[in-house]
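What follows is entry27.tsv (TSV, C-alpha atoms).
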```tsv
chain	number	residue	atom	x	y	z
H	1	MET	CA	5.43	-15.81	7.52
H	2	ILE	CA	6.78	-12.90	9.52
H	3	PRO	CA	7.44	-9.61	7.70
H	4	TRP	CA	10.91	-8.56	6.61
H	5	LEU	CA	11.82	-5.00	7.59
H	6	GLU	CA	13.79	-2.63	5.41
H	7	PRO	CA	15.58	0.26	7.16
H	8	ASP	CA	12.58	2.56	6.64
H	9	THR	CA	9.83	-0.03	7.24
H	10	PRO	CA	7.74	0.61	10.38
H	11	PHE	CA	7.03	-2.21	12.80
H	12	PRO	CA	3.86	-4.23	12.20
H	13	ASP	CA	1.03	-4.35	14.73
H	14	THR	CA	2.30	-6.32	17.72
H	15	ARG	CA	-0.89	-8.42	17.65
H	16	SER	CA	0.50	-10.06	14.50
H	17	ALA	CA	3.38	-11.67	16.44
H	18	LEU	CA	3.53	-15.45	16.31
H	19	GLY	CA	1.29	-17.14	18.84
H	20	PRO	CA	1.94	-19.68	21.61
H	21	ASP	CA	1.30	-22.66	19.35
H	22	THR	CA	4.27	-21.85	17.10
H	23	ASP	CA	7.99	-22.59	17.32
H	24	ALA	CA	8.80	-18.94	18.08
H	25	PRO	CA	5.99	-17.42	20.17
H	26	GLY	CA	6.26	-13.65	20.23
H	27	LEU	CA	8.38	-13.30	17.07
H	28	LEU	CA	7.11	-10.20	15.27
H	29	ALA	CA	9.49	-9.38	12.42
H	30	ALA	CA	13.00	-9.78	11.06
H	31	GLY	CA	15.49	-7.45	9.43
H	32	GLY	CA	15.71	-3.72	9.68
H	33	ASP	CA	18.57	-2.00	11.44
H	34	LEU	CA	19.83	-1.58	15.00
H	35	SER	CA	20.04	2.20	15.01
H	36	ALA	CA	19.17	4.21	18.10
H	37	GLN	CA	16.10	5.51	16.26
H	38	ARG	CA	14.88	2.00	15.48
H	39	LEU	CA	15.48	0.85	19.06
H	40	GLU	CA	13.62	3.86	20.44
H	41	ALA	CA	10.60	3.07	18.27
H	42	ALA	CA	10.76	-0.59	19.28
H	43	TYR	CA	10.95	-0.14	23.05
H	44	ARG	CA	8.23	2.49	23.06
H	45	HIS	CA	5.89	-0.19	21.73
H	46	GLY	CA	7.16	-3.06	23.87
H	47	ILE	CA	9.24	-4.60	21.08
H	48	PHE	CA	12.79	-5.82	21.67
H	49	PRO	CA	15.59	-7.37	19.56
H	50	TRP	CA	16.85	-10.85	20.37
H	51	PHE	CA	18.94	-12.95	17.99
H	52	SER	CA	22.11	-15.00	17.80
H	53	GLN	CA	25.29	-14.59	15.82
H	54	GLY	CA	24.66	-15.35	12.14
H	55	GLN	CA	20.93	-14.58	12.31
H	56	PRO	CA	19.22	-11.46	10.99
H	57	VAL	CA	17.89	-9.01	13.57
H	58	LEU	CA	14.80	-10.63	15.10
H	59	TRP	CA	12.15	-8.48	16.79
H	60	TRP	CA	9.89	-9.83	19.54
H	61	SER	CA	6.67	-8.88	21.31
H	62	THR	CA	5.88	-11.63	23.79
H	63	ASP	CA	2.46	-12.38	25.23
H	64	PRO	CA	2.31	-12.68	28.16
H	65	ARG	CA	5.09	-10.32	29.20
H	66	MET	CA	7.18	-10.89	32.32
H	67	VAL	CA	7.38	-7.75	34.45
H	68	LEU	CA	8.55	-6.85	37.93
H	69	PRO	CA	6.24	-4.39	39.71
H	70	VAL	CA	8.71	-2.66	42.01
H	71	ALA	CA	6.15	-2.56	44.83
H	72	GLU	CA	6.06	-6.39	44.73
H	73	PHE	CA	9.81	-7.02	44.85
H	74	LYS	CA	10.50	-9.89	47.25
H	75	VAL	CA	13.41	-9.74	49.68
H	76	HIS	CA	13.63	-13.25	51.11
H	77	ARG	CA	15.23	-13.84	54.50
H	78	SER	CA	18.48	-15.27	53.14
H	79	PHE	CA	18.94	-12.40	50.70
H	80	ARG	CA	18.02	-9.84	53.36
H	81	LYS	CA	20.93	-11.16	55.45
H	82	SER	CA	23.24	-11.09	52.45
H	83	LEU	CA	22.21	-7.52	51.60
H	84	ALA	CA	22.65	-6.36	55.21
H	85	ARG	CA	26.14	-7.87	55.28
H	86	PHE	CA	26.98	-6.15	51.99
H	87	ARG	CA	25.75	-2.77	53.25
H	88	ARG	CA	27.77	-2.83	56.47
H	89	THR	CA	31.02	-4.11	54.94
H	90	PRO	CA	33.58	-1.43	54.01
H	91	GLY	CA	34.43	-1.45	50.33
H	92	CYS	CA	31.01	-2.74	49.25
H	93	GLU	CA	28.89	-0.38	47.20
H	94	VAL	CA	26.50	-0.01	44.29
H	95	ARG	CA	27.44	2.30	41.44
H	96	VAL	CA	25.51	3.42	38.38
H	97	ASP	CA	26.97	3.84	34.89
H	98	THR	CA	30.62	3.71	35.96
H	99	ALA	CA	31.53	0.51	34.08
H	100	PHE	CA	28.87	0.06	31.42
H	101	ASP	CA	31.11	-1.62	28.86
H	102	GLN	CA	32.38	-4.08	31.46
H	103	VAL	CA	28.83	-4.93	32.50
H	104	MET	CA	27.75	-5.58	28.91
H	105	LYS	CA	30.83	-7.70	28.27
H	106	ALA	CA	30.18	-9.75	31.42
H	107	CYS	CA	26.51	-10.21	30.52
H	108	ALA	CA	27.54	-11.33	27.04
H	109	THR	CA	29.34	-14.32	28.56
H	110	THR	CA	26.25	-15.41	30.50
H	111	PRO	CA	23.55	-17.27	28.51
H	112	ARG	CA	19.91	-16.59	29.29
H	113	ASP	CA	18.07	-19.31	31.18
H	114	GLY	CA	17.47	-22.25	28.87
H	115	GLN	CA	19.57	-20.81	26.04
H	116	ASN	CA	22.77	-22.13	24.52
H	117	GLY	CA	25.35	-19.40	24.14
H	118	THR	CA	24.94	-15.67	24.33
H	119	TRP	CA	22.44	-13.45	22.54
H	120	ILE	CA	24.46	-10.26	23.12
H	121	VAL	CA	26.29	-10.35	19.81
H	122	PRO	CA	28.95	-7.76	18.87
H	123	ASP	CA	26.43	-5.62	16.96
H	124	MET	CA	24.23	-5.47	20.07
H	125	ARG	CA	27.14	-4.45	22.27
H	126	GLN	CA	28.10	-1.72	19.87
H	127	VAL	CA	24.66	-0.15	19.45
H	128	TYR	CA	23.71	-0.36	23.13
H	129	GLY	CA	27.07	1.19	23.97
H	130	GLN	CA	26.24	4.07	21.65
H	131	TRP	CA	22.74	4.32	23.13
H	132	HIS	CA	24.29	4.40	26.61
H	133	LYS	CA	26.26	7.49	25.59
H	134	LEU	CA	22.97	9.12	24.63
H	135	GLY	CA	21.62	8.47	28.13
H	136	ARG	CA	19.10	5.78	27.20
H	137	VAL	CA	20.86	2.70	28.61
H	138	HIS	CA	22.15	2.36	32.17
H	139	SER	CA	24.08	-0.11	34.28
H	140	PHE	CA	23.67	-0.89	37.98
H	141	GLU	CA	26.88	-2.35	39.34
H	142	THR	CA	27.89	-4.25	42.46
H	143	TRP	CA	31.42	-3.44	43.61
H	144	ILE	CA	33.57	-5.01	46.34
H	145	ASP	CA	36.95	-3.48	47.12
H	146	ASP	CA	36.91	-1.61	43.79
H	147	GLN	CA	36.25	-4.84	41.88
H	148	LEU	CA	33.14	-5.25	39.73
H	149	VAL	CA	31.47	-8.48	40.89
H	150	GLY	CA	27.97	-8.26	39.44
H	151	GLY	CA	25.47	-6.03	37.74
H	152	LEU	CA	22.78	-5.49	35.16
H	153	TYR	CA	21.93	-3.13	32.35
H	154	GLY	CA	18.73	-1.93	30.75
H	155	VAL	CA	16.94	0.73	28.77
H	156	ASN	CA	15.15	3.76	30.19
H	157	ILE	CA	12.45	5.64	28.31
H	158	GLY	CA	10.35	8.09	30.28
H	159	ARG	CA	9.34	6.44	33.55
H	160	MET	CA	9.91	2.90	32.27
H	161	PHE	CA	12.92	0.64	32.73
H	162	TYR	CA	13.44	-2.35	30.45
H	163	GLY	CA	15.79	-4.87	32.02
H	164	GLU	CA	18.09	-6.53	29.51
H	165	SER	CA	20.59	-8.81	31.23
H	166	MET	CA	22.47	-9.38	34.47
H	167	PHE	CA	25.52	-11.27	35.70
H	168	ALA	CA	27.12	-12.29	39.00
H	169	TRP	CA	30.70	-13.26	39.83
H	170	ARG	CA	29.92	-13.39	43.57
H	171	THR	CA	26.92	-14.88	45.38
H	172	ASP	CA	23.90	-12.54	45.23
H	173	ALA	CA	25.86	-9.85	43.34
H	174	SER	CA	23.25	-9.57	40.58
H	175	LYS	CA	20.42	-9.60	43.13
H	176	ILE	CA	22.07	-6.69	44.93
H	177	ALA	CA	22.21	-4.72	41.68
H	178	LEU	CA	18.57	-5.56	40.98
H	179	ALA	CA	17.55	-4.54	44.50
H	180	ALA	CA	19.33	-1.23	43.96
H	181	LEU	CA	17.48	-0.74	40.68
H	182	VAL	CA	14.19	-1.43	42.46
H	183	CYS	CA	15.04	1.15	45.14
H	184	PHE	CA	16.06	3.71	42.53
H	185	SER	CA	12.89	3.02	40.55
H	186	LYS	CA	10.66	3.42	43.59
H	187	ALA	CA	12.28	6.74	44.42
H	188	ASN	CA	11.94	7.99	40.85
H	189	GLY	CA	8.40	7.04	39.95
H	190	ILE	CA	9.19	3.95	37.86
H	191	ALA	CA	6.53	1.42	38.79
H	192	LEU	CA	7.38	-1.43	36.44
H	193	ILE	CA	10.59	-3.10	35.26
H	194	ASP	CA	10.28	-5.10	32.06
H	195	CYS	CA	11.81	-8.58	32.27
H	196	GLN	CA	10.77	-9.65	28.73
H	197	GLN	CA	10.58	-13.41	29.26
H	198	GLN	CA	9.52	-15.70	32.06
H	199	THR	CA	12.10	-17.35	34.30
H	200	SER	CA	11.70	-19.04	37.67
H	201	HIS	CA	14.52	-16.89	39.11
H	202	LEU	CA	12.71	-13.64	38.32
H	203	ALA	CA	9.41	-15.08	39.52
H	204	SER	CA	11.01	-15.83	42.89
H	205	LEU	CA	11.85	-12.13	43.19
H	206	GLY	CA	8.30	-10.97	42.52
H	207	ALA	CA	8.13	-10.80	38.73
H	208	ARG	CA	4.96	-12.05	37.09
H	209	PRO	CA	3.43	-12.28	33.63
H	210	ILE	CA	0.87	-9.80	32.36
H	211	SER	CA	-0.88	-9.65	29.01
H	212	ARG	CA	0.68	-7.84	26.08
H	213	ALA	CA	-2.33	-5.51	26.03
H	214	ASP	CA	-1.86	-4.55	29.68
H	215	PHE	CA	1.87	-4.06	29.17
H	216	GLU	CA	1.37	-1.80	26.16
H	217	ALA	CA	-1.31	0.17	28.00
H	218	HIS	CA	1.18	0.79	30.81
H	219	LEU	CA	3.80	1.94	28.33
H	220	GLN	CA	1.43	4.47	26.79
H	221	GLY	CA	1.06	6.09	30.18
H	222	VAL	CA	4.75	6.38	31.08
H	223	VAL	CA	7.10	6.55	28.07
H	224	ASP	CA	6.38	10.23	27.40
H	225	GLN	CA	6.95	11.29	30.99
H	226	SER	CA	10.21	12.98	31.95
H	227	PRO	CA	12.90	10.41	32.80
H	228	PRO	CA	14.91	10.59	36.05
H	229	SER	CA	17.31	13.51	35.77
H	230	VAL	CA	20.14	11.97	37.80
H	231	TRP	CA	21.33	8.38	37.51
H	232	ALA	CA	23.33	7.68	40.65
H	233	TYR	CA	22.94	5.53	43.73
H	234	ASP	CA	22.76	6.81	47.29
H	235	GLU	CA	22.85	4.60	50.39
H	236	ALA	CA	19.65	6.28	51.60
H	237	LEU	CA	17.75	4.60	48.78
H	238	TRP	CA	17.99	1.21	50.50
H	239	SER	CA	15.17	2.38	52.76
H	240	GLN	CA	12.82	1.82	49.82
H	241	ILE	CA	12.87	-1.96	50.40
H	242	GLU	CA	13.55	-2.21	54.12
H	243	HIS	CA	10.01	-3.45	54.75
H	244	SER	CA	9.62	-5.62	51.63
H	245	ALA	CA	8.36	-9.14	52.25
```

Show how you would write the structure in this file as structure tokens.
Amino acid sequence: MIPWLEPDTPFPDTRSALGPDTDAPGLLAAGGDLSAQRLEAAYRHGIFPWFSQGQPVLWWSTDPRMVLPVAEFKVHRSFRKSLARFRRTPGCEVRVDTAFDQVMKACATTPRDGQNGTWIVPDMRQVYGQWHKLGRVHSFETWIDDQLVGGLYGVNIGRMFYGESMFAWRTDASKIALAALVCFSKANGIALIDCQQQTSHLASLGARPISRADFEAHLQGVVDQSPPSVWAYDEALWSQIEHSA
């Protein structure tokens, strides 16, 4: 049995999360609230909410944890050509935090790999929108001729970025947003992007699983550092991945 959280109940030890031989590996607790304070406490300890409409809030701490070390981001030949074409085409640009609500709405229509339906329920959209206004959640957006065509959003605490979801309405649009996030992260001392769960798509871009213990140890070293002071994208940042494999 997993514990039920009341609004003032702290999270249990993450080592008590359900194991790999269960129906819900990584499930830690249920209940509680989705306040900014609760989310802050969760992410600082590598815990994240993930649930569907009609379910209580479910809290997860997966082991292993899928992460993308920004130094290991892979720019394959086909994507390198696509990115180069994007960069030299007038009207193509990456923006940060200019259309957060649109990005969340678009992500909410895109199921996670292997999942039926969306997990970004209305309550999630509302609380992450509020958290965005507090400067904790950011969107990286791919724009073509002033039209939003792809993007991603995620949580920033200290020098850690927790990727939440991405979408693409044009080929490689979400990859371009992710590449921009990697460049921004490299330039701002963020070494690791949390991907939460394993997918073949993320693995192809350089993400890999690490143990929960290693992930939590990394968090302890970075979440109390000063976060980036300016969230914006500059074309010069693309140089951060020009020599990536």

Counting all atoms listed in the file, what are the residues of region 181-207 of chain H within 12 Å of region 222-233 of chain H, and for each of them which pair of atoms is the nearest and at what distance in Å, to one decimal? Sort the table by chain and rising number, as a Markdown table.
```
| residue | atom | partner | partner_atom | distance |
| --- | --- | --- | --- | --- |
| H:Leu181 | CA | H:Tyr233 | CA | 8.9 |
| H:Val182 | CA | H:Tyr233 | CA | 11.3 |
| H:Cys183 | CA | H:Tyr233 | CA | 9.1 |
| H:Phe184 | CA | H:Tyr233 | CA | 7.2 |
| H:Ser185 | CA | H:Pro228 | CA | 9.0 |
| H:Lys186 | CA | H:Pro228 | CA | 11.2 |
| H:Ala187 | CA | H:Pro228 | CA | 9.6 |
| H:Asn188 | CA | H:Pro228 | CA | 6.2 |
| H:Gly189 | CA | H:Pro228 | CA | 8.4 |
| H:Ile190 | CA | H:Val222 | CA | 8.5 |
| H:Ala191 | CA | H:Val222 | CA | 9.3 |
| H:Leu192 | CA | H:Val222 | CA | 9.8 |
| H:Ile193 | CA | H:Val222 | CA | 11.9 |
```

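Minimum atom-to-atom distances from H:Trp169, H:Phe161, H:Trp119, H:Phe100 to Trp131 (chain H) were compared using only C-alpha atoms, and the lowest value belongs to H:Phe100.
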
- Query: Nearest to Ala203 (chain H) among H:Arg44, H:Arg15, H:Lys74, H:Arg80, with distances taken over only C-alpha atoms: which residue is it?
  - Reply: H:Lys74

- With distances taken over only C-alpha atoms, which of H:Arg208, H:Ser82, H:Ala24, H:Ala236 is nearest to Thr62 (chain H)? H:Ala24

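Here CA of Thr14 (chain H) stands at a distance of 21.6 Å from CA of Ser52 (chain H).
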
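Nearest residue to Cys107 (chain H), choosing from H:Pro10, H:Pro90, H:Gly151, H:Pro69 and counting all atoms listed in the file: H:Gly151.
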
- Pick out the closest residue to His218 (chain H) from this set: H:Val67, H:Met166, H:Ala106, H:Leu237. Count all atoms listed in the file.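 Checking each of H:Val67, H:Met166, H:Ala106, H:Leu237 against His218 (chain H), counting all atoms listed in the file, the winner is H:Val67.
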
- Message: So, with all atoms listed in the file as the atoms that count, which of H:Leu18, H:Met124, H:Leu205, H:Val57 lies closest to Leu5 (chain H)?
- Response: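 Answer, going by the shortest atom-to-atom distance: H:Val57.
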
- CA of Ala30 (chain H) to CA of His201 (chain H), distance in Å rounded to a single decimal: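 Atom-to-atom, CA of Ala30 (chain H) to CA of His201 (chain H), that is 29.0 Å.
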
- Message: From (30.1, 2.8, 44.2), in the file's coordinates, out to 10 Å: which residues are reached, counting only C-alpha atoms? Answer as an MDAnalysis selection string.
- Response: chainID H and resid 91:98 140:146 148 232:235

- Message: Can you pull out the residues contacting Gln55 (chain H)? Cut-off 12 Å, using all atoms listed in the file, and skip same-chain residues under 5 positions away; I want them as number ranges by chain.
- Response: H: 30-31, 49-50, 119, 121, 123

Write out the residues from the selection above, keeping C-alpha atoms, as a PDB file, in the coordinates of the input.
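And here is the file that came out, result.pdb:
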```pdb
ATOM      1  CA  ALA H  30      13.000  -9.780  11.060  1.00  0.00           C
ATOM      2  CA  GLY H  31      15.490  -7.450   9.430  1.00  0.00           C
ATOM      3  CA  PRO H  49      15.590  -7.370  19.560  1.00  0.00           C
ATOM      4  CA  TRP H  50      16.850 -10.850  20.370  1.00  0.00           C
ATOM      5  CA  TRP H 119      22.440 -13.450  22.540  1.00  0.00           C
ATOM      6  CA  VAL H 121      26.290 -10.350  19.810  1.00  0.00           C
ATOM      7  CA  ASP H 123      26.430  -5.620  16.960  1.00  0.00           C
TER       8      ASP H 123
END
```
